[in-house]
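Coordinates from upload-v5.txt are shown below (compact mmCIF, C-alpha atoms).
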# COMPACT_ATOMS: atom_id res chain seq x y z
CA MET X 20 0.34 -38.34 -50.66
CA ARG X 21 1.13 -37.90 -47.02
CA ILE X 22 1.28 -34.42 -45.62
CA VAL X 23 3.56 -34.03 -42.64
CA VAL X 24 2.67 -31.09 -40.46
CA GLN X 25 5.66 -29.94 -38.53
CA ARG X 26 5.04 -28.02 -35.38
CA GLN X 27 7.23 -25.00 -35.20
CA ARG X 28 7.34 -22.60 -32.29
CA PHE X 29 8.22 -19.01 -33.01
CA GLU X 30 9.98 -17.26 -30.19
CA ASP X 31 10.21 -13.52 -29.62
CA PRO X 32 13.63 -12.08 -30.41
CA GLY X 33 15.95 -11.67 -27.44
CA PHE X 34 15.82 -7.88 -27.31
CA VAL X 35 11.98 -7.94 -27.23
CA LYS X 36 12.07 -10.39 -24.32
CA GLN X 37 14.52 -8.11 -22.55
CA ILE X 38 12.60 -4.87 -23.14
CA PHE X 39 9.22 -6.27 -22.09
CA GLY X 40 10.35 -8.85 -19.52
CA ASN X 41 13.48 -7.62 -17.77
CA PRO X 42 12.76 -5.70 -14.54
CA VAL X 43 15.72 -3.38 -15.25
CA PHE X 44 13.68 -1.92 -18.13
CA GLY X 45 10.93 -1.28 -15.58
CA PHE X 46 12.81 1.90 -14.70
CA GLY X 47 12.41 3.06 -18.32
CA TRP X 48 8.72 2.12 -18.48
CA PHE X 49 8.23 3.98 -15.20
CA PHE X 50 8.69 7.37 -16.90
CA LEU X 51 6.23 6.58 -19.71
CA ARG X 52 3.77 5.16 -17.19
CA LEU X 53 4.06 8.30 -15.06
CA TYR X 54 3.42 10.58 -18.06
CA LEU X 55 0.35 8.55 -19.00
CA GLY X 56 -0.89 8.47 -15.41
CA LEU X 57 -0.50 12.22 -14.99
CA GLN X 58 -2.52 12.86 -18.15
CA TRP X 59 -5.35 10.60 -16.96
CA LEU X 60 -5.31 11.98 -13.43
CA GLN X 61 -5.56 15.56 -14.70
CA ALA X 62 -8.41 14.61 -17.04
CA GLY X 63 -10.25 12.67 -14.34
CA TRP X 64 -9.66 14.96 -11.37
CA HIS X 65 -11.28 18.05 -12.90
CA LYS X 66 -14.37 15.91 -13.56
CA VAL X 67 -14.65 14.52 -10.00
CA SER X 68 -13.10 17.31 -7.91
CA PRO X 69 -15.47 18.68 -5.27
CA PHE X 70 -13.40 21.92 -5.21
CA SER X 71 -13.79 22.81 -8.90
CA ASP X 72 -16.78 24.07 -10.90
CA ASP X 73 -15.52 21.93 -13.79
CA SER X 74 -17.08 18.87 -12.15
CA ILE X 75 -20.54 20.47 -12.40
CA GLY X 76 -22.32 18.65 -15.19
CA TRP X 77 -20.05 15.61 -14.84
CA VAL X 78 -20.62 14.16 -11.37
CA ARG X 79 -22.33 17.13 -9.70
CA ASP X 80 -25.45 19.22 -10.25
CA GLY X 81 -24.98 22.97 -10.12
CA THR X 82 -25.06 26.37 -11.76
CA VAL X 83 -22.25 27.66 -13.96
CA THR X 84 -21.76 31.13 -15.42
CA VAL X 85 -21.30 30.99 -19.19
CA VAL X 86 -20.92 33.71 -21.84
CA ARG X 87 -23.45 33.46 -24.67
CA ASN X 88 -23.76 36.11 -27.40
CA GLY X 89 -21.52 38.39 -25.35
CA GLN X 90 -23.75 38.13 -22.28
CA GLN X 91 -23.09 36.31 -19.02
CA GLN X 92 -25.74 33.74 -18.15
CA GLU X 93 -26.32 31.38 -15.25
CA VAL X 94 -26.86 27.87 -16.60
CA PHE X 95 -27.96 24.90 -14.47
CA TYR X 96 -26.38 21.52 -15.24
CA ASN X 97 -27.43 18.09 -13.99
CA ALA X 98 -24.77 15.42 -13.49
CA GLY X 99 -24.20 13.83 -16.90
CA ASP X 100 -25.31 16.83 -18.97
CA ARG X 101 -21.80 17.49 -20.27
CA LEU X 102 -21.50 13.90 -21.48
CA LEU X 103 -24.93 14.18 -23.12
CA GLY X 104 -23.74 17.33 -24.93
CA PHE X 105 -20.63 15.47 -26.14
CA TRP X 106 -22.70 12.53 -27.37
CA LYS X 107 -25.21 14.78 -29.16
CA ALA X 108 -22.40 16.63 -30.95
CA ALA X 109 -20.84 13.27 -31.91
CA VAL X 110 -24.01 11.92 -33.55
CA GLY X 111 -24.76 15.26 -35.19
CA ALA X 112 -27.90 16.24 -33.30
CA GLY X 113 -29.40 19.66 -34.12
CA GLY X 114 -28.44 19.63 -37.79
CA GLN X 115 -24.68 19.54 -37.20
CA PRO X 116 -22.62 17.13 -39.33
CA PRO X 117 -21.93 13.94 -37.33
CA ARG X 118 -18.37 13.47 -36.04
CA ILE X 119 -18.65 9.68 -35.96
CA THR X 120 -17.61 7.90 -39.16
CA PHE X 121 -18.92 4.41 -38.41
CA GLU X 122 -22.68 3.96 -38.56
CA TRP X 123 -22.72 1.12 -36.00
CA TYR X 124 -20.96 3.35 -33.49
CA ARG X 125 -23.35 6.23 -34.23
CA ASP X 126 -26.27 3.86 -33.56
CA PHE X 127 -24.63 2.77 -30.30
CA ILE X 128 -24.24 6.37 -29.06
CA GLN X 129 -27.79 7.23 -30.23
CA PHE X 130 -29.07 4.22 -28.26
CA MET X 131 -27.35 5.54 -25.12
CA ILE X 132 -28.79 9.04 -25.70
CA ASP X 133 -32.33 7.67 -26.19
CA HIS X 134 -32.11 5.64 -22.98
CA ARG X 135 -30.56 8.52 -21.00
CA TRP X 136 -27.55 6.40 -20.10
CA ASN X 137 -25.52 9.57 -19.58
CA GLY X 138 -26.93 9.63 -16.02
CA TRP X 139 -24.75 6.70 -14.91
CA PHE X 140 -22.19 6.59 -17.72
CA THR X 141 -20.81 9.96 -16.65
CA TYR X 142 -19.66 8.44 -13.32
CA LEU X 143 -18.07 5.53 -15.16
CA ILE X 144 -16.01 7.85 -17.35
CA ALA X 145 -15.11 10.46 -14.68
CA TYR X 146 -14.09 7.99 -11.96
CA GLY X 147 -12.63 5.61 -14.56
CA GLU X 148 -10.24 8.30 -15.82
CA PHE X 149 -9.36 9.26 -12.24
CA LEU X 150 -8.66 5.67 -11.13
CA VAL X 151 -6.67 4.84 -14.28
CA GLY X 152 -4.50 7.88 -13.51
CA ILE X 153 -3.92 6.84 -9.89
CA ALA X 154 -3.24 3.20 -10.81
CA LEU X 155 -0.69 4.18 -13.46
CA ILE X 156 1.10 6.64 -11.17
CA VAL X 157 1.49 4.22 -8.27
CA GLY X 158 1.96 1.27 -10.63
CA ALA X 159 -0.87 -0.91 -9.32
CA PHE X 160 -2.54 -3.34 -11.77
CA THR X 161 -0.59 -1.50 -14.47
CA GLY X 162 -1.55 -3.71 -17.41
CA ILE X 163 -5.26 -3.60 -16.55
CA ALA X 164 -5.16 0.19 -15.98
CA ALA X 165 -3.36 0.77 -19.29
CA PHE X 166 -5.91 -1.44 -21.07
CA ALA X 167 -8.81 0.52 -19.53
CA GLY X 168 -7.14 3.78 -20.57
CA ALA X 169 -6.53 2.56 -24.12
CA PHE X 170 -10.16 1.42 -24.36
CA MET X 171 -11.37 4.89 -23.34
CA ASN X 172 -8.97 6.50 -25.85
CA LEU X 173 -10.33 4.23 -28.57
CA ASN X 174 -13.92 5.20 -27.77
CA PHE X 175 -13.10 8.92 -27.69
CA MET X 176 -11.42 8.58 -31.09
CA LEU X 177 -14.37 6.61 -32.49
CA ALA X 178 -16.61 9.44 -31.26
CA GLY X 179 -14.59 11.85 -33.41
CA THR X 180 -12.26 13.44 -30.84
CA ALA X 181 -8.57 13.35 -31.73
CA SER X 182 -6.97 15.66 -29.10
CA THR X 183 -4.21 13.78 -27.18
CA ASN X 184 -5.95 10.42 -27.63
CA PRO X 185 -3.70 8.97 -30.40
CA VAL X 186 -0.56 9.66 -28.34
CA LEU X 187 -2.05 8.30 -25.10
CA PHE X 188 -3.41 5.26 -26.94
CA THR X 189 0.01 4.44 -28.42
CA ALA X 190 1.73 4.87 -25.04
CA ALA X 191 -0.89 2.62 -23.42
CA ILE X 192 -0.25 -0.13 -25.99
CA PHE X 193 3.43 -0.18 -25.03
CA ILE X 194 2.55 -0.30 -21.32
CA ILE X 195 0.15 -3.19 -21.97
CA LEU X 196 2.89 -5.09 -23.81
CA ALA X 197 5.25 -4.46 -20.89
CA TRP X 198 2.63 -5.41 -18.26
CA LYS X 199 5.08 -7.64 -16.37
CA THR X 200 7.65 -4.92 -15.75
CA ALA X 201 5.94 -1.55 -16.37
CA GLY X 202 4.78 -1.50 -12.75
CA TYR X 203 8.11 -2.69 -11.34
CA VAL X 204 8.90 0.77 -9.92
CA GLY X 205 5.55 0.75 -8.16
CA VAL X 206 3.11 -1.41 -6.25
CA ASP X 207 3.18 -4.16 -8.89
CA ARG X 208 6.73 -4.93 -7.77
CA TRP X 209 5.08 -6.63 -4.75
CA LEU X 210 1.43 -6.93 -5.81
CA LEU X 211 2.06 -9.01 -8.93
CA PRO X 212 4.06 -11.80 -7.19
CA LEU X 213 1.56 -11.67 -4.32
CA LEU X 214 -1.69 -11.86 -6.32
CA GLY X 215 -0.36 -13.40 -9.55
CA THR X 216 -2.59 -13.74 -12.61
CA PRO X 217 -5.70 -15.85 -13.34
CA TRP X 218 -3.48 -18.39 -15.13
CA GLN X 219 -0.71 -18.28 -12.52
CA PRO X 220 -1.95 -17.59 -8.96
CA GLY X 221 0.46 -15.70 -6.73
CA ARG X 222 1.97 -16.40 -3.31
CA ILE X 223 -1.13 -15.27 -1.45
CA PHE X 224 -3.08 -18.25 -2.83
CA HIS X 225 -0.43 -20.82 -2.00
CA HIS X 226 -1.23 -22.62 1.21
CA VAL X 227 1.90 -23.54 3.10
CA GLU X 228 1.40 -26.60 5.29
CA ALA X 229 3.42 -27.27 8.39
CA LYS X 230 6.29 -29.71 7.78
CA PRO X 231 5.45 -33.26 8.93
CA ALA X 232 7.54 -34.54 11.82
CA ALA X 233 10.52 -36.69 10.74
CA ARG X 234 9.71 -40.39 10.86
CA PRO X 235 11.95 -42.60 12.99
CA LYS X 236 14.13 -44.84 10.83
CA PRO X 237 13.17 -48.53 10.85
CA LYS X 238 15.60 -50.74 12.67
CA GLY X 239 18.42 -52.12 10.56
CA ALA X 240 17.76 -49.76 7.70
CA GLY X 241 20.25 -47.46 6.06
CA ALA X 242 23.97 -47.64 5.63
CA MET Q 24 2.51 -17.96 3.89
CA THR Q 25 0.39 -17.45 6.99
CA LEU Q 26 -2.69 -15.23 7.07
CA ALA Q 27 -0.98 -12.81 9.45
CA LYS Q 28 1.97 -12.46 7.04
CA ARG Q 29 -0.36 -11.85 4.09
CA VAL Q 30 -2.25 -9.16 5.97
CA GLN Q 31 1.01 -7.61 7.19
CA GLU Q 32 2.46 -7.41 3.66
CA LEU Q 33 -0.73 -5.88 2.24
CA LEU Q 34 -0.84 -3.44 5.15
CA VAL Q 35 2.72 -2.28 4.49
CA LEU Q 36 1.88 -1.77 0.80
CA ALA Q 37 -1.30 0.17 1.64
CA LEU Q 38 0.37 2.38 4.24
CA THR Q 39 3.21 3.25 1.87
CA TRP Q 40 1.31 3.76 -1.36
CA ILE Q 41 -2.03 5.29 -0.35
CA PRO Q 42 -0.22 8.49 0.78
CA VAL Q 43 1.54 8.55 -2.63
CA ALA Q 44 -1.83 8.38 -4.40
CA THR Q 45 -3.23 11.10 -2.13
CA LEU Q 46 -0.22 13.35 -2.72
CA SER Q 47 -0.53 12.80 -6.49
CA VAL Q 48 -4.07 14.14 -6.37
CA PHE Q 49 -2.86 17.09 -4.27
CA VAL Q 50 -0.13 17.85 -6.83
CA VAL Q 51 -2.68 17.82 -9.67
CA GLU Q 52 -5.06 20.01 -7.64
CA LYS Q 53 -2.29 22.59 -7.11
CA LEU Q 54 -0.97 22.24 -10.67
CA ASP Q 55 -1.87 25.80 -11.68
CA GLU Q 56 0.19 27.19 -8.78
CA LEU Q 57 3.33 25.20 -9.67
CA PRO Q 58 6.07 26.92 -11.68
CA GLY Q 59 6.41 25.03 -14.95
CA GLU Q 60 3.10 23.24 -14.20
CA ASP Q 61 3.17 19.83 -15.97
CA PHE Q 62 6.95 19.49 -15.97
CA THR Q 63 7.25 20.27 -12.23
CA ALA Q 64 4.33 17.96 -11.39
CA TYR Q 65 6.03 15.20 -13.38
CA GLY Q 66 9.25 15.70 -11.42
CA ILE Q 67 7.51 15.76 -8.04
CA LEU Q 68 5.57 12.58 -8.83
CA ALA Q 69 8.71 10.81 -10.09
CA VAL Q 70 10.55 11.61 -6.83
CA LEU Q 71 7.50 10.58 -4.76
CA VAL Q 72 7.11 7.20 -6.46
CA LEU Q 73 10.84 6.44 -6.37
CA ALA Q 74 10.97 7.34 -2.66
CA ALA Q 75 7.97 5.09 -1.92
CA PHE Q 76 9.57 2.30 -3.96
CA VAL Q 77 12.81 2.45 -1.96
CA ALA Q 78 10.92 2.78 1.35
CA THR Q 79 8.70 -0.25 0.63
CA GLU Q 80 11.69 -2.36 -0.41
CA TYR Q 81 13.52 -1.36 2.77
CA ILE Q 82 10.55 -2.02 5.09
CA LEU Q 83 9.70 -5.41 3.57
CA GLU Q 84 13.35 -6.47 3.68
CA ALA Q 85 13.55 -5.39 7.33
CA LEU Q 86 10.41 -7.42 8.11
CA LYS Q 87 12.00 -10.41 6.33
CA PHE Q 88 9.40 -10.84 3.58
CA ASP Q 89 10.08 -12.81 0.43
CA THR Q 90 10.53 -9.98 -2.10
CA SER Q 91 11.78 -12.04 -5.03
CA TYR Q 92 10.55 -10.91 -8.45
CA GLU Q 93 11.07 -13.07 -11.50
CA PRO Q 94 8.72 -12.08 -14.33
CA GLU Q 95 10.15 -14.71 -16.71
Same coordinates, now as structure tokens:
Amino acid sequence: MRIVVQRQRFEDPGFVKQIFGNPVFGFGWFFLRLYLGLQWLQAGWHKVSPFSDDSIGWVRDGTVTVVRNGQQQEVFYNAGDRLLGFWKAAVGAGGQPPRITFEWYRDFIQFMIDHRWNGWFTYLIAYGEFLVGIALIVGAFTGIAAFAGAFMNLNFMLAGTASTNPVLFTAAIFIILAWKTAGYVGVDRWLLPLLGTPWQPGRIFHHVEAKPAARPKPKGAGA
Amino acid sequence: MTLAKRVQELLVLALTWIPVATLSVFVVEKLDELPGEDFTAYGILAVLVLAAFVATEYILEALKFDTSYEPE
């Protein structure tokens, strides 16, 4: 018996191609992108701002006044202490029930706690959130920024924090799908054709050679 | 595309969009003082980005850059 394997290509429906590929829809994606960017910028800025006490414990050392048992106390935080507190609560340190469902993820967070990775990871998260926000607002490297945002959302959800993460994650997925046009009303309008992608280099990588001088026609040739 | 042209195009983009990024941070910093907070910030940023978009298009057209965009 001979089996004939027919190659069949499945194309996206026309409306999907239009929504994710037509620059006109870039104006629609712009508003979703802006919402997402504003959320990330707000989250990131209070962690990196030199003008706010909120950044103490994230990227700055310092003393913060907190109320404990009805009394005001001065508490000193090192950079990364707030992240360490979040991680410890997630794995259930100090007899609390763990917030993380998956054991492999709990082990991963515990590994980072044991090796004091909060010292450098805090900068990665704080500046990562800030830069994702900026990139989404101005529309630069939109697809990559949305992917980085979605990855952070996923990790926050795995660590047991719901908050706005499910909404932001869903919005980011749509922006990733519309990577070609989501940044159209933004820097990607010019940056994407200029830089291109790894599989399709942009104009900046195309070397334009000077046109060779026209050769003189050989005698007796041509009509 | 010559090196000078490449640098010029990137320079135009940087000079137009870095102020937008800076102003975005300023808007978020002053968010508590804005009436309507998030909603007003959203409106200001939308106007800022659209204005920068139009300005960049205009400048690059005036400098005779190839601004074609065909994502397909």
Q | Selected residue, from X:Gly104, X:Pro212, X:Gly147, X:Gly221, that lies nearest to Q:Tyr92 when counting all atoms listed in the file | A |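 The answer is X:Pro212, which sits nearest to Q:Tyr92.
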**Q.** Among the residues Q:Val51, Q:Ala64, Q:Leu57, Q:Val35, the one that comes closest to Q:Ala78 [using only C-alpha atoms]
**A.**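 Using only C-alpha atoms, the shortest distance to Q:Ala78 belongs to Q:Val35.
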(Q) Let me make sure I understand: among Q:Ala37, Q:Phe76, Q:Asp55, Q:Leu46, which one has the smallest atom-to-atom distance to chain X if we use all atoms listed in the file? (A) Q:Phe76
(Q) I want to know what sits within 12 Å of X:Leu214, based on only C-alpha atoms, with residues of the same chain fewer than 3 positions away left out; could you give that as a list in words? (A)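 Residues meeting the cut-off are Ala159, Phe160, Val206, Asp207, Arg208, Trp209, Leu210, Leu211, Pro217, Trp218, Gln219, Pro220, Gly221, Arg222, Ile223, Phe224 and His225 of chain X; Arg29, Glu32 and Leu33 of chain Q.
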Could you save those same residues with C-alpha atoms as a short mmCIF file (atom, residue, chain, number, x, y, z; two decimals), in the frame of the given file?
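part_9.cif written:
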data_model
loop_
_atom_site.label_atom_id
_atom_site.label_comp_id
_atom_site.auth_asym_id
_atom_site.auth_seq_id
_atom_site.Cartn_x
_atom_site.Cartn_y
_atom_site.Cartn_z
CA ALA X 159 -0.87 -0.91 -9.32
CA PHE X 160 -2.54 -3.34 -11.77
CA VAL X 206 3.11 -1.41 -6.25
CA ASP X 207 3.18 -4.16 -8.89
CA ARG X 208 6.73 -4.93 -7.77
CA TRP X 209 5.08 -6.63 -4.75
CA LEU X 210 1.43 -6.93 -5.81
CA LEU X 211 2.06 -9.01 -8.93
CA PRO X 217 -5.70 -15.85 -13.34
CA TRP X 218 -3.48 -18.39 -15.13
CA GLN X 219 -0.71 -18.28 -12.52
CA PRO X 220 -1.95 -17.59 -8.96
CA GLY X 221 0.46 -15.70 -6.73
CA ARG X 222 1.97 -16.40 -3.31
CA ILE X 223 -1.13 -15.27 -1.45
CA PHE X 224 -3.08 -18.25 -2.83
CA HIS X 225 -0.43 -20.82 -2.00
CA ARG Q 29 -0.36 -11.85 4.09
CA GLU Q 32 2.46 -7.41 3.66
CA LEU Q 33 -0.73 -5.88 2.24
#
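If you measure from each of Q:Pro58, Q:Gln31, Q:Leu38, Q:Thr90 to chain X using only C-alpha atoms, the closest one turns out to be Q:Thr90.
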Q) What are the residues of chain Q that have an atom within 8 Å of an atom of chain X, counting only C-alpha atoms, as JSON, numbers by chain? A) {"Q": [24, 25, 29, 36, 40, 43, 44, 47, 48, 51, 52, 65, 68, 69, 72, 73, 75, 76, 90, 92, 94, 95]}
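Between atom CA of X:Gln129 and atom CA of X:Ala109 lies a distance of 9.4 Å.
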Q: Place a sphere of radius 12 Å on (-0.7, 1.5, -25.8) in the file coordinates and name every protein, DNA or RNA residue with an atom inside or on its surface, counting only C-alpha atoms; give the answer as a PyMOL selection string.
A: chain X and resi 48+51-52+55+161-173+184-198+201
Q. When you draw a straight line from atom CA of X:Ile144 to atom CA of X:Leu102, how long is it in Å?
A.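 Going from atom CA of X:Ile144 over to atom CA of X:Leu102, I get 9.2 Å.
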